[in-house]
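Trainee: Sending over a structure as structure tokens; questions will come in a sec.
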Amino acid sequence: MVHGNSQNRFYLLSVNRELRTVNEGFSMENLIWLVPTFPLAGFLVNIFLGRRLARLWVSWVACGAMGISFGVSLGLFFHLINLAPHLRHLEQELFTWIRIADFKAAAGFLLDPLSAVMILVVTGVGFLIHVYSIGYMGEDRDFARFFAYLNLFAFFMLLLVLANNYLLLFVGWEGVGLCSYLLIGFWFERPAAASAAQKAFVVNRVGDAGFLLGLFLIWTTFGTLQYGEVFHQAEGLHGVLTAPAGGGLSVVTWITLALFIGAIGKSAQLPLYVWLPDAMEGPTPVSALIHAATMVTAGIYMVARSSPLYTLAPFSLAVVAWVGALTAIFAATIACVQNDIKRVIAYSTISQLGYMFLGVGVGAFASGIFHLYTHAAFKALLFLGAGAVIHALHHEQDIQRMGGLRPHMRVTAYTFAVGALANAGIFPFAGFWSKDEILFAAFNGGFYVLWFLGLAGAFLTGFYMARLYFLTFEGEYRGDPHHAHDIHDAPPTMGIPLIVLAVCSVVAGFVGIPPEQGPFHQFLAPVLHHGGAAQAAAHGLAVPMAVLSLLVAGAGIGVGYLFYVSVSWRNVPEIWAARLQGLYRVVYHKYYVDEFYQDWVVGPLDRLAFFLWRGFDVAVVDGAVNGVARLMEMGSWGLRRIQTGVVFNYVLSILVGVVIFLGYLVWGR
Amino acid sequence: MPLLSLITFLPVVGTLGLLIIPRRRRNLIFWGALGTSVLTFLVSLRLYTGFELGVGEMQFVEAAAWIPSLGIQYKLGVDGISLFLVLLTTFLTPLTILASSGIKHRMKEYMVAMLLLETGMIGVFLALDLVLFYVFWEGTLIPMYFIIGIWGGPRRIYATMKFVLYTMAGSLLMLVAIIAVAWLHGRAGGGPTFDLTVLMNAEIPPAIQFWLFLAFALAFAIKVPLFPFHTWLPDVHVEAPTAGSVLLAGVLLKMGTYGFLRFALPLFPQATVTFLPWISGLALVGIIYGAWVAMVQPDLKSLVAYSSVSHLGFVVLGIFALNGEGIAGSVLQMVNHGLSTGALFLLVGMIYERRHSRMITDFGGLFRVVPVFAGMFLLVALSSIGLPGLNGFVGEFLILLGTFRVHPVYGIVAVTGIIWAAWYMLAMIRRVLFGPVIHQENAGLSDLNWTERIVLIPIIILIVWIGVYPTPFLRRMEASVERVIVQVERRQSVHSSGFTVQGKRAMNAETSSMNHKPSIMNPSPAHGSEFVVHGRGAIHGLSMNPELSTLNREARRQR
């Protein structure tokens with residue numbers, strides 16, 4: 001019954017689904033709703049009762065919710081695997097959310113290989129980070145509030161990836177933005193945290209406005225926002241959609257570009273990435289979960305989910321790839337000179353997200369998602385490791401004031417090293433497989449400039465990761481001597497997640513072997529459209545290319561070693577920084593992008609608003625209103641003078657009137 | 001049983017009761033007023049339960065002759081559009097009365113004014129006779145005049161004079177236009193009547209419609225308020241007592257948008273289309289201008305007031321999209337704005353009572369001091385900026401969708417509104433709730449007491465309910481919204497003098513559909529009945545090309 005093109009499947013399957021639901025009464029897809037429901041329940045318990053519950057209970061509720069959710073996700077995943085590949089598409093419609101006139105949107109879930117991978121990442125990494133937070137946030141007075149927000153985040157993130165239509169995706173999309181806002185501003189008493197939270201939300205709203213326009217265009221074009229129906233129609237309307245329309249671009253190009261604006265905001269790409277480094281004001285587990293492993297990858301997920309549309313819009317794909325590649329190298333340069341341990345990792349995240357967009361942009365959707373998945377493991381690991389360091393050093397974040405920590409915190413040091421190697425893309429760690437695949441896809445598709453940018457970025461990645469690791473853990477301790485004696489490794493609640501993630505960072509890549517043909521890719525294949533280029537792999541080049549990128553990344557690490565460990569090269573970084581002073585300063589100040597936005601967007605808008613209020617609203621608009629009133633008043637004052645109340649005056653005016661009237665009668669005619 | 005009259009005049013009955021209570025029995029007065037308004041609310045729920053779904057016409061209609069020689073009737077009715085505005089009124093009034101328990105000065109007069117105001121507001125939404133409508137419309141000014149003028153802030157006299165004179169100046173022209181409509185109808189041989197349902201079918205030449213629409217629109221635009229008629233709003237809000245602000249923003253402003261929908265559109269369809277670009281343009285300016293000016297307000301109340309200008313801009317924009325999504329979104333957004341802005345004013349009032357200041361710079365760090373207040377404030381602010389899952393999103397989304405469908409450029413401009421809203425609202429949240437406690441006066445503030453929580457919790461429940469499951473609301477308004485559209489459409493075909501309908505529509509179709517094949521329709525006036533079908537397609541399916549919309553229909557059928 002189900003053969004032919006993959007799009008028809010959406011259709012037949014939804015029919016099929018109904019039949020099966022009727023026949024069996026119970027089936028696995030009826031459990032999908034459980035996945036987001038547990039974190040929601042955890043949120044409700046902790047936000048309303050958390051202040052009265054003991055910390056142990058709070059953490060059990062929150063972690064338990066995530067754990068069960070992870071278990072259900074695993075169950076669903078295995079159920080999916082047991083189905084024949086073309087049947088791996090389960091939908092569950094809960095209720096009609098909005099229905100008016102021609103518009104209809106449901107609260108409905110879709111479980112297919114893509115969303116299955118995403119919920120595993122979200123609940124799996126999410127669970128580990130919840131456990132880690134028990135230790136990390138142990139002393140915090142707002143323990144319950146923290147876990148409540150974290151659970152709420154998980155709920156919205158699961159909504160985002162499980163939605164079966166664009167509108168529900170948008171609910172999750174803005175919902176995770178809200179949680180990001182709440183968690184960045186978790187320590188709201190610090191003005192920097194409060195400002196960073198606001199900045200994150202507002203910048204994301206810029207992207208969301210674009211995303212909404214994409215939604216509107218999808219709806220006016222297809223009359224629906226449901227994935228299955230949209231993609232099904234997209235196939236049939238190929239000609240109409242790709243015909244040039246407004247501005248010389250096709251409808252589907254406009255749609256995909258508008259959606260991508262949303263992705264730029266959410267996934268922190270040029271030019272809207274500025275909120276992410278500031279987001280490091282939030283507690284470190286938040287940085288790991290939201291600003292590395294899950295939320296910021298929502299943009300990549302969305303583009304991959306929309307692959308049937310993006311493949312119809314080569315121009316949009318090119319934009320995606322270029323934005324990704326430029327962001328990858330741009331953020332990597334900044335990461336090389338930052339001194340805040342979390343900010344280095346944050347810029348690294350931006351850079352890695354750029355790689356993912358480069359991947360999906362050159363049509364290698366599966367490779368992009370593959371990198372998303374490996375990145376979730378090793379970047380969460382890096383952040384949690386950084387958190388352990390910060391925790392041990394009493395909130396010291398400057399890597400220039402660290403060093404020599406390895407003997408004191410072996411678990412943290414070794415797991416961090418694993419994460420760094422994975423991030424740098426060293427064989428056989430997870431990042432190697434996924435990043436190399438993206439670079440290879442770019443090369444293979446003939447995007448040589450993009451490939452070169454990615455390769456240069458790989459060198460920088462090796463360098464900044466080496467710099468980060470060596471400055472933190474090797475050499476001699478340069479920090480506050482008072483803390484030197486009590487540096488210790490993290491408690492088990494923090495240590496165990498580190499070890500689990502470190503193991504993942506080693507083995508996660510193996511499901512992608514052989515490159516582009518691995519079990520991971522085959523699992524995703526039915527969902528993702530291929531841009532053509534990635535498929536026609538010239539396999540003869542695969543190994544040499546991999547060796548090349550390995551060498552480049554290794555060179556980066558080598559330079560890092562020479563600069564920051566080797567005794568004879570000790571002073572080289574300072575010398576170079578001094579020699580290239582201008583360049584160094586520009587990069588150190590993050591290319592002055594924040595200053596640019598402040599001076600050319602925020603400042604002028606503020607002044608304009610103030611002028612509109614005082615100079616226009618009060619003076620001109622209200623001035624006119626009050627002016628009319630004053631004019632009336634003056635007129636009445638004038639008229640009042642006539643009413644003197646003296647009878648003689650009235651008689652006189654009557655007399656004058658009579659005289660004029662008579663005069664008119666007598667002489668006027 | 002005359003349900004509508006009962007709902008309308010129950011507060012007046014309560015007022016009569018209050019009058020015989022001695023003024024020193026403050027508790028009795030308070031409970032009497034509260035009881036009356038709660039009873040009114042409970043009775044009005046009968047409207048919701050008894051409302052017949054799928055009916056676009058007026059329900060629960062009551063009619064009686066009032067001044068027969070002039071054709072003036074006492075006629076009330078409710079449809080899916082007014083239903084929720086009535087419920088909003090009866091819902092908010094008891095809450096505002098409950099929030100006013102602290103009124104020290106002349107409580108008896110205050111409660112009387114509140115109850116009379118409730119009657120006036122309900123009457124506005126229920127009246128189906130133009131004169132009756134006008135009586136209620138102006139009638140709301142009197143209690144409001146006293147509420148602001150007696151229980152307001154330091155500049156209350158200036159504010160209340162401005163409010164009354166400004167809105168009255170606008171309404172006077174409307175009175176002239178009302179008389180003119182009836183007179184034109186009479187001259188055409190229809191007999192004297194001010195009955196809206198009859199006048200809706202009157203044929204008024206487009207040239208005259210132009211002026212009559214203008215007169216109505218001015219009255220409504222001032223009330224909404226539409227840019228540039230908005231400057232009374234911040235002044236009045238800053239001076240008004242909390243309850244006054246809540247009802248002003250929550251209900252009274254909606255009288256303007258409701259007026260457009262109930263009177264201006266059905267009575268003057270051709271003029272509606274003529275003025276559409278102008279009014280939409282003013283709405284767009286209001287959305288952005290209101291938000292920008294809100295960014296720099298030092299006073300919490302004037303910030304919320306300017307945000308209302310922005311939000312009401314959305315509502316007007318949606319009405320003039322003239323399609324189901326836009327108008328339904330607008331009606332829902334009227335309710336949403338009433339809830340979230342009403343709650344914002346309540347919260348500002350509560351903190352004002354503790355701190356005797358509304359200046360944003362006097363606050364900071366309240367999240368630590370008064371967590372329940374802060375949590376509710378945050379939630380309501382998020383509802384106001386249209387966070388999905390809360391009520392504001394559903395309305396705003398439908399408005400934007402409906403607008404984008406017919407006027408993509410308006411849609412693109414309006415969608416930036418969500419950025420500015422987040423900007424001013426979150427900046428306010430940051431400065432009030434976040435950061436350290438800088439002022440010692442704030443350190444000892446007490447959190448919300450139970451009365452205050454009881455005031456806010458029902459609103460918050462509705463905020464979440466409408467956000468998660470708006471279906472009960474949308475289903476009830478759908479048929480009536482359709483009916484407005486049909487009315488505007490049908491009348492276009494009667495007077496198809498060429499430029500109004502087809503010309504405009506065809507133009508819209510061209511600008512809006514990026515993928516159009518310019519052959520959507522060009523109906524000739526001769527095919528009257530057929531045009532209804534086509535015309536509706538024109539408004540509804542404007543930006544879909546024929547091939548796509550066929551597919552859509554199929555898809556929808558299969559769903």
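Simple scheme: letters A, B, ... for chains in structure tokens order, numbers from 1 for residues in each chain, numbers from 1 for ligands in the order shown.
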Between chain A and chain B, at 6 Å or less, what are the per-residue closest atom pairs and their distances in Å? Count only C-alpha atoms, order by chain and rising residue number, and return it as CSV.

Mentor:
residue,atom,partner,partner_atom,distance
A:Trp97,CA,B:Tyr469,CA,5.9
A:Ala101,CA,B:Gly324,CA,5.1
A:Val171,CA,B:Pro388,CA,5.1
A:Phe188,CA,B:Phe434,CA,5.1
A:Glu189,CA,B:Gly435,CA,4.0
A:Arg190,CA,B:Gly435,CA,5.5
A:Pro191,CA,B:Gly435,CA,5.0
A:Val202,CA,B:Trp423,CA,5.9
A:Arg205,CA,B:Ile419,CA,5.3
A:Val206,CA,B:Ile419,CA,5.9
A:Ala209,CA,B:Val415,CA,5.9
A:Phe216,CA,B:Leu401,CA,5.8
A:Gly223,CA,B:Asn552,CA,5.6
A:Ala245,CA,B:Met514,CA,5.1
A:Gly246,CA,B:Met514,CA,5.4
A:Ala609,CA,B:Trp292,CA,5.2
A:Phe610,CA,B:Val296,CA,5.9
A:Trp613,CA,B:Val293,CA,5.4
A:Asp622,CA,B:Thr231,CA,5.5

Trainee: What lies within 7 Å of stretch 542-546 of chain A using only C-alpha atoms, ignoring chain neighbours under 3 positions off, as a list of chain:residue names?

Mentor: A:Asp436, A:Phe440, A:His539, A:Ser549, A:Leu550

Trainee: Residues of stretch 330-528 of chain B classed as alpha helix (DSSP H) by DSSP on the backbone are to be reported as a ChimeraX atom specification.

Mentor: /B:330-355,366-369,371-384,391-406,408-415,417-433,440-443,450-468,471-494,504-512,528

Trainee: Within 8 Å of A:Val527, counting only C-alpha atoms, which residues qualify if same-chain residues fewer than 2 places away don't, as number ranges by chain?

Mentor: A: 112-114, 305, 524-525, 529

Trainee: Using only C-alpha atoms, which residues sit within 7 Å of A:Ser267 once same-chain residues fewer than 4 positions away are excluded, as a list of chain:residue names?

Mentor: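 In the requested format, the answer is A:Ala263, A:Val296, A:Thr297, A:Ala298, A:Gly299, A:Leu353.
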
Trainee: Write the residues of the selection above to a file with N, CA and C atoms, as a PDB file, in the first residue's frame.

Mentor:
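Below is the file result18.pdb, written as the result:
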ATOM      1  N   ALA A 263      15.328  31.014  12.641  1.00  0.00           N
ATOM      2  CA  ALA A 263      16.431  30.136  13.037  1.00  0.00           C
ATOM      3  C   ALA A 263      17.671  30.942  13.394  1.00  0.00           C
ATOM      4  N   VAL A 296      19.215  26.028  21.449  1.00  0.00           N
ATOM      5  CA  VAL A 296      19.833  26.731  20.333  1.00  0.00           C
ATOM      6  C   VAL A 296      19.911  25.871  19.074  1.00  0.00           C
ATOM      7  N   THR A 297      19.694  24.563  19.229  1.00  0.00           N
ATOM      8  CA  THR A 297      19.702  23.737  18.029  1.00  0.00           C
ATOM      9  C   THR A 297      18.320  23.669  17.382  1.00  0.00           C
ATOM     10  N   ALA A 298      17.345  24.341  17.985  1.00  0.00           N
ATOM     11  CA  ALA A 298      15.984  24.299  17.446  1.00  0.00           C
ATOM     12  C   ALA A 298      15.944  24.806  16.003  1.00  0.00           C
ATOM     13  N   GLY A 299      16.784  25.787  15.703  1.00  0.00           N
ATOM     14  CA  GLY A 299      16.807  26.316  14.342  1.00  0.00           C
ATOM     15  C   GLY A 299      17.228  25.265  13.330  1.00  0.00           C
ATOM     16  N   LEU A 353      27.192  25.665  15.852  1.00  0.00           N
ATOM     17  CA  LEU A 353      25.859  25.799  15.249  1.00  0.00           C
ATOM     18  C   LEU A 353      26.006  26.231  13.801  1.00  0.00           C
TER      19      LEU A 353
END

Trainee: Skip stretch 359-363 of chain A itself and residues of its chain fewer than 6 positions away, then list as a ChimeraX atom specification all residues within 10 Å of it, counting only C-alpha atoms.

Mentor: /A:300-301,303-304,307,310-311,314-325,353,369-371,434-435,437-447,450,528-535

Trainee: Applying 10 Å and only C-alpha atoms, which residues near A:His483 remain after dropping the ones on its own chain fewer than 6 positions away? List them as a list in words.

Mentor: Ala392, Leu393 and His394 of chain A

Trainee: Could you state the separation of atom CA of A:His130 and atom CA of A:Gly42 in Å, given to one decimal place?

Mentor: 12.0 Å

Trainee: Go through B:Phe216, B:His311, B:Thr49, B:Ala33 one by one, measure the shortest atom-to-atom distance of each to B:Leu116 using only C-alpha atoms, and give the residue with the smallest value.

Mentor: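 So, comparing all the options, the nearest one is B:Ala33.
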
Trainee: Just give me the gap between atom CA of B:Gln73 and atom CA of B:Ile179 in Å, one decimal is fine.

Mentor: 14.0 Å

Trainee: Would you please extract all strand (DSSP E or B) residues from stretch 198-362 of chain A, as assigned by DSSP on the backbone, and give them as a PDB file with all heavy atoms, in the first residue's frame?

Mentor:
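Result saved to selection_31.pdb:
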ATOM      1  N   GLN A 226      -0.026  22.200   8.902  1.00  0.00           N
ATOM      2  CA  GLN A 226       0.380  20.863   9.338  1.00  0.00           C
ATOM      3  C   GLN A 226       1.455  20.318   8.408  1.00  0.00           C
ATOM      4  O   GLN A 226       1.313  20.367   7.183  1.00  0.00           O
ATOM      5  CB  GLN A 226      -0.823  19.949   9.372  1.00  0.00           C
ATOM      6  CG  GLN A 226      -0.585  18.770  10.287  1.00  0.00           C
ATOM      7  CD  GLN A 226      -1.726  17.795  10.242  1.00  0.00           C
ATOM      8  OE1 GLN A 226      -2.852  18.153   9.920  1.00  0.00           O
ATOM      9  NE2 GLN A 226      -1.425  16.552  10.548  1.00  0.00           N
ATOM     10  N   PRO A 244       9.096  32.268 -10.238  1.00  0.00           N
ATOM     11  CA  PRO A 244       9.456  33.559  -9.638  1.00  0.00           C
ATOM     12  C   PRO A 244       8.215  34.334  -9.241  1.00  0.00           C
ATOM     13  O   PRO A 244       7.249  34.417  -9.983  1.00  0.00           O
ATOM     14  CB  PRO A 244      10.206  34.271 -10.766  1.00  0.00           C
ATOM     15  CG  PRO A 244      10.642  33.197 -11.677  1.00  0.00           C
ATOM     16  CD  PRO A 244       9.626  32.109 -11.586  1.00  0.00           C
ATOM     17  N   SER A 250      11.041  32.938  -5.640  1.00  0.00           N
ATOM     18  CA  SER A 250       9.824  32.141  -5.644  1.00  0.00           C
ATOM     19  C   SER A 250       9.160  32.180  -4.271  1.00  0.00           C
ATOM     20  O   SER A 250       9.774  32.585  -3.284  1.00  0.00           O
ATOM     21  CB  SER A 250      10.153  30.700  -6.022  1.00  0.00           C
ATOM     22  OG  SER A 250      10.952  30.133  -5.010  1.00  0.00           O
ATOM     23  N   ASP A 340      36.921  34.409  29.562  1.00  0.00           N
ATOM     24  CA  ASP A 340      35.903  33.845  30.443  1.00  0.00           C
ATOM     25  C   ASP A 340      35.632  32.419  29.971  1.00  0.00           C
ATOM     26  O   ASP A 340      35.273  32.199  28.813  1.00  0.00           O
ATOM     27  CB  ASP A 340      34.638  34.699  30.371  1.00  0.00           C
ATOM     28  CG  ASP A 340      33.551  34.218  31.297  1.00  0.00           C
ATOM     29  OD1 ASP A 340      33.267  33.004  31.323  1.00  0.00           O
ATOM     30  OD2 ASP A 340      32.959  35.047  31.995  1.00  0.00           O
TER      31      ASP A 340
END

Trainee: Here is a test: counting only C-alpha atoms, which residue of B:Leu175, B:Leu34, B:Ala283, B:Ala182 is nearest to B:Gly318?

Mentor: B:Ala283
